[in-house]
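A.B. asks: The structure follows.
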Amino acid sequence: MIITKNKATIILAYIFVGFLVPLAYGQNQNQADSLIELLNAPNKYTDSTICAIYNDIAFYSTQPNKRIQYAKEASKLASRIQDERQLALSLRYQGSGYSSKGHLSEAIKLYLASAIHYSKAKLDLGVAVVYIDLGDIYSKQKNFKNSTYYYNKGIRILREKQDSIRLASALLNTGDLYLESLIYDSALLYFQESEKIFDSIDYPIGKAYCIGNVGLILSHTKSLELGERKIKEAIDILEKHNHVIAISIYQTSLADIYAQRGDLNRALNYAYSALSIGEEEGLKEQIRDASLKLSELYQTQGDYKKAYNYQSQYITFRDSINNEEVIRKMADLRTEYEVGQKQAEVDLKQTEVDLLNEQARNNQIVLWSVIVVLVLVLCLTYALLKVYRVKARAVRIVRQRRRVIAAQRDQLEDVNRTKDKFFSIISHDIRGPISNFQGVSQLIHLLVESKDYDGLLKLGTMLDTSTKEVSSLLDNLLEWAMSQQGRMPYKPETIKLHELCNSNLSIMENLATAKQITLTEKVKEKVTITADKNSISTIIRNLLSNAIKFTPEGGTVDLQLSYDLNMAVLIVKDSGIGIPKEKMQHLFDFKGERSRWGTGGEKGVGLGLTLIHEFVELNKGKIEVDSEEGKGTTFKVYLPLVID
């Protein structure tokens, strides 16, 4: 049957829009259903037209599975008729469907294939849109570096081509990235610019995204009422267009807003609605976020069983989306694509060079043949000898490199074990002091209302202790991390060690007084050394801090200086609880059990002693320990004296 003029016009319009409009804002199930009816009508369309209709159905579909289904049909047909543009479109729409379902590895593979076919068709705008899609993928992985890399590449092309609607989409995505990174001012600027463009072209879905995201910023900056209005305004627009993915995201945000207001029932309703949409559509990210919110809400209500169940569901979907294998595959695919692009350019240039030189080679072929024969005869004997020598040398090099690689592998395995142990220690021991801060404001309010001033004083002491623990732990963590990365500055200079000791004694005076510990008032022995001042100060401070931490009330901590040949000796002696024999063997590394409680309830992880050991070696010194349980500990640090 012949296509009517009106139907042909509709088909061409859909094809045109499907290429120009950003996929995320083109989805409209009513349009998709109309196209399906058009496709099923008793009309005879060409393969090119059918392929375009398949792509446009995928483009407008709001359901990821439907989008993938029709895009695959378009891909088969486009490959058969060798239509690069339609093939690029179908691959991109498949990538969008898999991305919505959380299958990011498959999505990145399809997007990169789409970019290749857009390049072959010389459609720069198509390449730009795929770059924006890739930026979206890496944004989901919280990979700020790769995400901004692709966004910037896409935005650069869109600004050159003056493509308003796709530029608005790219600006909106970049704003999302800054929103996730908590850079609210920059995010707001991108959303406002994007909203103006969408408004100027009368594109309500894109405008709804901008309005909703501005609402998210307002809710994060404590403008809850205004943020709620913006988010609900966005949801009203999106519901008219059946755009369920964004509705689920914004409903999770509304749940958070009502939770902050204390309206837990409404918060739960919104969270369950968001979860329901995610489960119906198979949207892993929406299920993950809604599950986390439900866990938090039930924990607030004290329903720990439900809180645990939803927390488990959150962890399952989080790990499914953000696993190391997906990240590795994404990186490999990106490298594969870029290398392929470079290789294509090289092959093209090489072909041009071959064509230009072909005539010259034909003219000289006889002459070069004679020369080659003579050279081969002269070089054959030499080549055989050379091959033998090269082979022998190669064998030696391979054996040597294998030894080096084996040593590096062993070293890396040891470093990884140390790193895992270190992170385990830090994550376990920082949780204690941090947990003390939770609910402090409510507790203070209750204590003030009940006029329990003794309780306030105890709370203040607890917070002070927790703050000092966290501060000391983070200081040592920073210094240790810098030393492991080779970034710790080492600037040896002439130092008056007695003055450095006295300044650190002053810092520790209040800590000792709080535990009624007698601390050496002043070091009188004058000693001058050659060392890095900052690292030596860290050594003194950590030794004094450990001594005070593990000395009971009424004890003593002494700091002394002496000489031993050409070395200065820094001595810290305490009357504390001493160090168990089983801990002495691994005192300065991360092996064995590290955590230990001080006499005043202070928590120690052993990081300070590791820093001390590394900094002593950095300054060409050595350290000795003498300890007996119940009788105290003595640390001796040997440092080079100034040589006149």
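Numbering starts fresh at 1 for the residues of each chain in the structure tokens, the chains themselves are lettered A, B, ... in the order given, and ligands are numbered from 1 as they appear.
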Find the residues near Ile507 (chain A): any atom within 12 Å, counting only C-alpha atoms, skip ones fewer than 4 places away on the same chain, and give them as a list in words.
C.D. replies: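 The filter keeps Leu500, Cys501, Asn502, Ser503, Leu511, Ala512, Thr513, Leu519, Glu521, Ser537, Ile540, Arg541, Asn542, Leu544 and Ser545 of chain A.
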A.B. asks: Give me a file of those residues, with N, CA and C atoms, as a compact mmCIF listing (two decimals), in the first residue's frame.
C.D. replies:
# COMPACT_ATOMS: atom_id res chain seq x y z
N LEU A 500 63.31 22.04 70.80
CA LEU A 500 62.19 21.32 70.19
C LEU A 500 61.50 20.42 71.21
N CYS A 501 62.29 19.81 72.10
CA CYS A 501 61.72 18.98 73.17
C CYS A 501 60.84 19.81 74.11
N ASN A 502 61.35 20.98 74.49
CA ASN A 502 60.61 21.83 75.44
C ASN A 502 59.31 22.35 74.84
N SER A 503 59.32 22.68 73.54
CA SER A 503 58.09 23.17 72.91
C SER A 503 57.03 22.06 72.87
N LEU A 511 47.47 17.68 78.60
CA LEU A 511 47.07 16.28 78.53
C LEU A 511 47.55 15.50 79.74
N ALA A 512 48.80 15.78 80.18
CA ALA A 512 49.34 15.10 81.36
C ALA A 512 48.62 15.55 82.63
N THR A 513 48.35 16.85 82.73
CA THR A 513 47.66 17.39 83.92
C THR A 513 46.29 16.77 84.08
N LEU A 519 54.90 15.24 84.45
CA LEU A 519 55.62 15.32 83.19
C LEU A 519 56.87 16.18 83.36
N GLU A 521 59.31 18.95 83.34
CA GLU A 521 58.99 20.35 83.07
C GLU A 521 59.84 20.91 81.95
N SER A 537 59.82 16.59 65.31
CA SER A 537 58.74 17.05 66.19
C SER A 537 57.64 16.00 66.27
N ILE A 540 58.81 13.22 68.67
CA ILE A 540 58.71 13.60 70.09
C ILE A 540 57.26 13.61 70.54
N ARG A 541 56.39 14.22 69.73
CA ARG A 541 54.98 14.37 70.10
C ARG A 541 54.31 12.99 70.25
N ASN A 542 54.59 12.07 69.33
CA ASN A 542 53.97 10.75 69.41
C ASN A 542 54.50 9.93 70.58
N LEU A 544 55.63 11.13 73.47
CA LEU A 544 55.03 11.69 74.69
C LEU A 544 53.56 11.32 74.79
N SER A 545 52.83 11.42 73.65
CA SER A 545 51.41 11.10 73.65
C SER A 545 51.17 9.65 74.04
A.B. asks: Counting only C-alpha atoms, figure out which residue out of A:Lys101, A:Arg261, A:Ser61, A:Asp256 gets nearest to Ser295 (chain A).
C.D. replies: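 Smallest distance to Ser295 (chain A) is found for A:Asp256.
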A.B. asks: Find the residues near Tyr203 (chain A): any atom within 12 Å, counting only C-alpha atoms, skip ones fewer than 3 places away on the same chain, and give them as a list of chain:residue names.
C.D. replies: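 Once the adjacent positions are removed, what remains is A:Val21, A:Pro22, A:Tyr25, A:Gly26, A:Gln27, A:Ser164, A:Ile165, A:Arg166, A:Ala168, A:Ser169, A:Ser194, A:Glu195, A:Lys196, A:Ile197, A:Phe198, A:Asp199, A:Ser200, A:Gly206, A:Lys207, A:Ala208, A:Tyr209, A:Cys210, A:Ile237, A:Leu238, A:His241.
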A.B. asks: Using only C-alpha atoms, which residues sit within 6 Å of region 115-117 of chain A once same-chain residues fewer than 6 positions away are excluded, as a PDB file with N, CA and C atoms, in the first residue's frame?
C.D. replies:
ATOM      1  N   GLU A  84      25.130   3.683   8.201  1.00  0.00           N
ATOM      2  CA  GLU A  84      25.976   3.981   9.362  1.00  0.00           C
ATOM      3  C   GLU A  84      25.244   4.838  10.395  1.00  0.00           C
ATOM      4  N   ALA A  88      24.487   3.666  14.169  1.00  0.00           N
ATOM      5  CA  ALA A  88      25.002   4.415  15.319  1.00  0.00           C
ATOM      6  C   ALA A  88      23.885   4.746  16.305  1.00  0.00           C
ATOM      7  N   VAL A 127      28.597  12.115  17.534  1.00  0.00           N
ATOM      8  CA  VAL A 127      29.748  11.804  18.390  1.00  0.00           C
ATOM      9  C   VAL A 127      29.659  12.590  19.690  1.00  0.00           C
TER      10      VAL A 127
END
A.B. asks: Give me, please, the distance in Å between CA of Leu446 (chain A) and CA of Gly262 (chain A), quoted to one decimal.
C.D. replies: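 Distance between the two atoms: 17.4 Å.
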A.B. asks: Neighbours of Leu497 (chain A) within 9 Å (only C-alpha atoms; same-chain residues fewer than 4 positions away dropped), as an MDAnalysis selection string?
C.D. replies: chainID A and resid 501:502 526:529 536 561 568 570
A.B. asks: Any chance you can output those residues with C-alpha atoms as a short mmCIF file (atom, residue, chain, number, x, y, z; two decimals), in the first residue's frame?
C.D. replies:
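For reference, out-v2.cif as written:
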data_model
loop_
_atom_site.label_atom_id
_atom_site.label_comp_id
_atom_site.auth_asym_id
_atom_site.auth_seq_id
_atom_site.Cartn_x
_atom_site.Cartn_y
_atom_site.Cartn_z
CA CYS A 501 61.72 18.98 73.17
CA ASN A 502 60.61 21.83 75.44
CA LYS A 526 71.69 21.34 75.27
CA VAL A 527 72.00 19.13 72.19
CA THR A 528 72.33 20.12 68.52
CA ILE A 529 71.53 17.65 65.73
CA ILE A 536 61.59 15.06 64.62
CA LEU A 561 68.66 14.00 76.32
CA ALA A 568 72.29 12.29 70.34
CA LEU A 570 66.35 11.13 72.98
#
